[in-house]
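What follows is one structure encoded as structure tokens, with my remarks underneath.
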Amino acid sequence: MGNQERIVVVGASLAGLRAAATLREEGFAGALTLVGTEPHRPYNRPPLSKSVLEGDDDVSLPGSEEIDAEWRGGRSAVRLDAEARTVTLDDRAELPYDGLVIATGARPRRLPEEQMALAGVHVLRTIDHALELRKALADVQGRVVVIGGGFIGGEVASTIRAAGHEVTIVDAAEPMVRVLGRTVGSWLADHHRANGVELVTNTRVAELVGEAGRVTGVRLDDSRVVAADLVVVGAGVAPNTEWLEGSGLHVDDGVLTDSRLFAIGHGDIVAAGDVARWPHATFGHETVRIEHWSNANEQGAAAARNLLRGPSEAVPFGQVPALGTRVHGTRLQYAGLPHLADASTVVTGSPEDGKFSVAFTRGDVLVGAATVNFPKELTRLRKAIEAGESL
């Protein structure tokens with residue numbers, strides 16, 4: 001263990017919480033500060049697009065109340081001085097550190113502010129967003145338009161449709177085709193339609209239109225307008241790195257780290273969760289950034305351990321990512337990095353039966369897998385990816 005006496009964790013969602021908890025579990029007895037932008041203690045985000053919208057307020061995250069750390073809630077980091085080893089908060093407080101964990105996560109991508117300001121336009125990232133959306137849905141009479149058919153967009157559309165609302169998804173491609181491949185993406189598109197969701201694909205949003213300060217529709221780039229009583233913008237996220245400007249850290253779609261999660265050139269700073277980009281040895285050191293619960297959970301703990309060990313004893317973080325979602329009651333999962341593949345093959349089951357798996361290969365070596373209602377196959381294929389096996 002290193003000689004750190006003061007460690008600051010910036011970011012109090014899952015990655016930050018796991019980092020703080022792991023620091024204590026590994027024997028760190030010094031001063032530990034946990035900074036969170038939201039006033040709430042760390043909570044579980046996956047229910048926000050599902051059960052919370054249905055009326056269940058349970059977003060508890062085990063260990064969030066028991067963490068032995070100074071809690072700075074409702075505060076944002078605005079500056080990092082890596083040379084002086086200080087983090088400045090938005091209330092001008094300066095936090096000195098010997099070790100720093102950056103876990104500031106990501107925020108929803110937004111449309112121009114004058115469009116986001118229209119009543120009836122929502123994003124979904126925080127518990128407050130979810131509660132606002134739930135309240136708004138209770139008064140919706142017309143159609144809900146979800147912009148983006150990715151993980152969040154698909155889950156929100158599924159939940160809202162199950163509640164009896166008319167739903168349209170607008171996406172620049174078929175839902176999740178960039179992530180899950182064309183076979184699963186096409187199946188998912190049909191699955192949405194079979195459950196009463198209208199899909200408008202292969203087109204982009206030009207602007208939102210409104211009347212008397214309230215959204216009334218979504219104008220597409222081909223000039224069509226989709227009527228909307230409420231709009232949910234689920235167009236992906238952007239990592240929260242603006243506060244690192246001028247710090248000397250390398251930032252490019254996230255904080256760039258080495259394979260051990262140390263910020264490039266800094267042996268006292270690690271990054272974890274949605275904000276971290278690191279070279280993954282399993283995939284030829286391809287630099288990746290993973291936005292998912294399981295990665296934040298494992299990476300937060302790994303970053304904390306490596307910070308305590310120091311660069312000379314730290315170990316690479318090589319977990320093969322595995323992600324999952326449920327859409328209209330169907331479980332979709334993927335592992336690895338399917339987007340790196342040059343070929344894909346249905347290896348078990350069939351799309352017609354609604355239970356199948358797809359293997360993704362690059363030069364005949366497995367780099368990814370996607371499954372529909374087939375968790376055992378996902379586990380098998382993930383192990384094969386980890387082992388670098390061929391199809």
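Each chain in the structure tokens gets a letter, A, B and so on, in the order shown; residues start at 1 in every chain, and ligands are counted from 1 in the order they appear.
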Open item on the list: Neighbouring residues of Ala84 in chain A were defined as those with any atom within 12 Å, considering only C-alpha atoms; residues of the same chain fewer than 5 positions away were excluded. Please report them as a PyMOL selection string.
Closed with: chain A and resi 79+94-99+247-248+268
TODO: Run DSSP on the backbone of this structure and report the residues of range 22-243 of chain A it assigns to alpha helix (DSSP H), as a PyMOL selection string.
DONE: chain A and resi 22-25+113-116+127-137+151-162+177-194
So that I have them on file, write out the residues from the current selection with N, CA and C atoms, as a CSV table (one decimal), in the first residue's frame.
chain,number,residue,atom,x,y,z
A,22,THR,N,-14.1,0.4,-1.5
A,22,THR,CA,-12.9,-0.5,-1.7
A,22,THR,C,-11.7,0.1,-1.0
A,23,LEU,N,-11.5,1.4,-1.0
A,23,LEU,CA,-10.4,2.0,-0.3
A,23,LEU,C,-10.4,1.6,1.2
A,24,ARG,N,-11.6,1.7,1.8
A,24,ARG,CA,-11.7,1.3,3.2
A,24,ARG,C,-11.5,-0.2,3.4
A,25,GLU,N,-12.1,-1.0,2.5
A,25,GLU,CA,-12.0,-2.5,2.6
A,25,GLU,C,-10.5,-2.9,2.4
A,113,GLU,N,-30.7,24.7,-26.3
A,113,GLU,CA,-31.4,25.0,-25.0
A,113,GLU,C,-32.8,25.6,-25.2
A,114,GLU,N,-33.0,26.4,-26.3
A,114,GLU,CA,-34.3,26.9,-26.5
A,114,GLU,C,-35.3,25.8,-26.7
A,115,GLN,N,-34.9,24.7,-27.3
A,115,GLN,CA,-35.8,23.6,-27.5
A,115,GLN,C,-36.0,22.8,-26.2
A,116,MET,N,-34.9,22.6,-25.5
A,116,MET,CA,-35.0,21.9,-24.2
A,116,MET,C,-35.9,22.6,-23.2
A,127,ILE,N,-32.4,10.7,-10.5
A,127,ILE,CA,-33.7,10.4,-9.8
A,127,ILE,C,-34.6,11.5,-10.0
A,128,ASP,N,-34.1,12.8,-9.9
A,128,ASP,CA,-35.0,13.9,-10.1
A,128,ASP,C,-35.6,14.0,-11.5
A,129,HIS,N,-34.8,13.6,-12.5
A,129,HIS,CA,-35.3,13.5,-13.9
A,129,HIS,C,-36.4,12.5,-13.9
A,130,ALA,N,-36.2,11.3,-13.3
A,130,ALA,CA,-37.2,10.3,-13.4
A,130,ALA,C,-38.5,10.7,-12.7
A,131,LEU,N,-38.4,11.3,-11.6
A,131,LEU,CA,-39.6,11.7,-10.9
A,131,LEU,C,-40.4,12.8,-11.6
A,132,GLU,N,-39.6,13.7,-12.3
A,132,GLU,CA,-40.3,14.7,-13.1
A,132,GLU,C,-41.0,14.1,-14.3
A,133,LEU,N,-40.3,13.1,-14.9
A,133,LEU,CA,-40.9,12.5,-16.1
A,133,LEU,C,-42.2,11.7,-15.7
A,134,ARG,N,-42.1,11.0,-14.5
A,134,ARG,CA,-43.2,10.2,-14.1
A,134,ARG,C,-44.4,11.1,-13.8
A,135,LYS,N,-44.2,12.3,-13.2
A,135,LYS,CA,-45.3,13.2,-12.9
A,135,LYS,C,-45.9,13.7,-14.3
A,136,ALA,N,-45.0,14.0,-15.2
A,136,ALA,CA,-45.5,14.5,-16.5
A,136,ALA,C,-46.3,13.4,-17.2
A,137,LEU,N,-45.9,12.2,-17.2
A,137,LEU,CA,-46.6,11.1,-17.9
A,137,LEU,C,-48.0,10.9,-17.3
A,151,PHE,N,-30.1,2.0,-25.1
A,151,PHE,CA,-30.5,1.4,-23.9
A,151,PHE,C,-31.6,2.2,-23.2
A,152,ILE,N,-31.3,3.4,-22.9
A,152,ILE,CA,-32.3,4.3,-22.1
A,152,ILE,C,-33.5,4.5,-23.0
A,153,GLY,N,-33.4,4.9,-24.2
A,153,GLY,CA,-34.6,5.1,-25.1
A,153,GLY,C,-35.5,3.9,-25.2
A,154,GLY,N,-34.8,2.7,-25.4
A,154,GLY,CA,-35.6,1.5,-25.5
A,154,GLY,C,-36.3,1.1,-24.2
A,155,GLU,N,-35.7,1.3,-23.1
A,155,GLU,CA,-36.3,1.0,-21.8
A,155,GLU,C,-37.4,1.9,-21.5
A,156,VAL,N,-37.2,3.2,-21.7
A,156,VAL,CA,-38.2,4.2,-21.5
A,156,VAL,C,-39.5,3.9,-22.4
A,157,ALA,N,-39.2,3.7,-23.7
A,157,ALA,CA,-40.3,3.4,-24.6
A,157,ALA,C,-41.1,2.2,-24.1
A,158,SER,N,-40.4,1.1,-23.7
A,158,SER,CA,-41.0,-0.1,-23.2
A,158,SER,C,-41.9,0.2,-22.0
A,159,THR,N,-41.3,0.9,-21.1
A,159,THR,CA,-42.1,1.2,-19.8
A,159,THR,C,-43.3,2.0,-20.1
A,160,ILE,N,-43.1,3.1,-20.9
A,160,ILE,CA,-44.2,4.0,-21.2
A,160,ILE,C,-45.3,3.3,-22.0
A,161,ARG,N,-44.9,2.5,-23.0
A,161,ARG,CA,-45.9,1.7,-23.7
A,161,ARG,C,-46.7,0.8,-22.9
A,162,ALA,N,-46.0,0.1,-21.9
A,162,ALA,CA,-46.7,-0.8,-21.0
A,162,ALA,C,-47.8,-0.1,-20.2
A,177,VAL,N,-28.6,-1.0,-33.4
A,177,VAL,CA,-27.9,-1.7,-34.5
A,177,VAL,C,-26.4,-1.5,-34.4
A,178,ARG,N,-26.0,-0.3,-34.0
A,178,ARG,CA,-24.6,0.0,-33.8
A,178,ARG,C,-23.9,-0.9,-32.7
A,179,VAL,N,-24.7,-1.2,-31.7
A,179,VAL,CA,-24.2,-1.9,-30.6
A,179,VAL,C,-24.4,-3.4,-30.7
A,180,LEU,N,-25.6,-3.8,-31.2
A,180,LEU,CA,-25.9,-5.2,-31.2
A,180,LEU,C,-25.8,-5.9,-32.6
A,181,GLY,N,-25.5,-5.1,-33.6
A,181,GLY,CA,-25.4,-5.6,-34.9
A,181,GLY,C,-26.7,-5.7,-35.6
A,182,ARG,N,-26.7,-5.9,-36.9
A,182,ARG,CA,-27.9,-5.8,-37.7
A,182,ARG,C,-28.9,-6.8,-37.5
A,183,THR,N,-28.5,-8.1,-37.2
A,183,THR,CA,-29.4,-9.2,-36.9
A,183,THR,C,-30.3,-8.9,-35.7
A,184,VAL,N,-29.6,-8.5,-34.6
A,184,VAL,CA,-30.3,-8.3,-33.4
A,184,VAL,C,-31.1,-6.9,-33.5
A,185,GLY,N,-30.5,-5.9,-34.1
A,185,GLY,CA,-31.1,-4.6,-34.3
A,185,GLY,C,-32.4,-4.8,-35.1
A,186,SER,N,-32.4,-5.5,-36.1
A,186,SER,CA,-33.6,-5.7,-36.9
A,186,SER,C,-34.7,-6.5,-36.1
A,187,TRP,N,-34.2,-7.5,-35.4
A,187,TRP,CA,-35.2,-8.2,-34.5
A,187,TRP,C,-35.8,-7.3,-33.5
A,188,LEU,N,-35.0,-6.4,-32.9
A,188,LEU,CA,-35.5,-5.5,-31.9
A,188,LEU,C,-36.5,-4.5,-32.5
A,189,ALA,N,-36.2,-4.1,-33.7
A,189,ALA,CA,-37.1,-3.1,-34.3
A,189,ALA,C,-38.5,-3.8,-34.5
A,190,ASP,N,-38.5,-5.0,-35.0
A,190,ASP,CA,-39.8,-5.8,-35.1
A,190,ASP,C,-40.4,-6.0,-33.8
A,191,HIS,N,-39.6,-6.2,-32.8
A,191,HIS,CA,-40.1,-6.5,-31.4
A,191,HIS,C,-40.8,-5.2,-30.9
A,192,HIS,N,-40.2,-4.0,-31.1
A,192,HIS,CA,-40.9,-2.8,-30.7
A,192,HIS,C,-42.2,-2.6,-31.5
A,193,ARG,N,-42.2,-2.9,-32.8
A,193,ARG,CA,-43.5,-2.7,-33.5
A,193,ARG,C,-44.5,-3.7,-33.1
A,194,ALA,N,-44.1,-5.0,-32.7
A,194,ALA,CA,-45.1,-6.0,-32.3
A,194,ALA,C,-45.7,-5.6,-31.0
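The coordinates place CA of Ile290 in chain A at 17.2 Å from CA of Asn44 in chain A.
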Skip Ile102 in chain A itself and residues of its chain fewer than 6 positions away, then list as a compact mmCIF listing (two decimals) with N, CA and C atoms, in the first residue's frame all residues within 9 Å of it, counting only C-alpha atoms.
# COMPACT_ATOMS: atom_id res chain seq x y z
N VAL A 8 -9.29 11.83 -2.41
CA VAL A 8 -10.54 12.47 -2.81
C VAL A 8 -11.14 11.66 -3.95
N VAL A 9 -12.43 11.36 -3.84
CA VAL A 9 -13.18 10.70 -4.90
C VAL A 9 -14.17 11.71 -5.45
N VAL A 10 -14.00 12.10 -6.71
CA VAL A 10 -14.90 13.07 -7.33
C VAL A 10 -15.89 12.31 -8.20
N GLY A 11 -17.14 12.32 -7.78
CA GLY A 11 -18.19 11.55 -8.45
C GLY A 11 -18.76 10.54 -7.48
N GLY A 16 -17.87 5.83 -8.15
CA GLY A 16 -17.28 6.54 -7.03
C GLY A 16 -17.56 5.86 -5.70
N VAL A 255 -11.59 10.64 -19.79
CA VAL A 255 -10.23 10.75 -19.27
C VAL A 255 -9.43 9.57 -19.78
N ILE A 269 -3.44 9.64 -9.81
CA ILE A 269 -4.81 9.89 -10.26
C ILE A 269 -5.30 8.69 -11.06
N VAL A 270 -6.46 8.17 -10.71
CA VAL A 270 -7.10 7.10 -11.47
C VAL A 270 -8.48 7.56 -11.91
N ALA A 271 -9.02 6.89 -12.91
CA ALA A 271 -10.37 7.21 -13.39
C ALA A 271 -11.16 5.92 -13.52
N ALA A 272 -12.48 6.01 -13.37
CA ALA A 272 -13.33 4.82 -13.43
C ALA A 272 -14.74 5.20 -13.83
N GLY A 273 -15.44 4.23 -14.43
CA GLY A 273 -16.83 4.41 -14.79
C GLY A 273 -17.01 5.06 -16.16
N VAL A 275 -16.69 7.87 -17.29
CA VAL A 275 -15.78 8.94 -17.71
C VAL A 275 -14.42 8.42 -18.15
N ALA A 276 -14.12 7.14 -17.92
CA ALA A 276 -12.78 6.60 -18.18
C ALA A 276 -12.67 5.96 -19.55
- [ ] Show which residues sit within 8 Å of Val123 in chain A, as a PyMOL selection string. Count only C-alpha atoms, and ignore same-chain residues fewer than 2 positions away.
- [x] chain A and resi 108+110+121+125+129+232-234
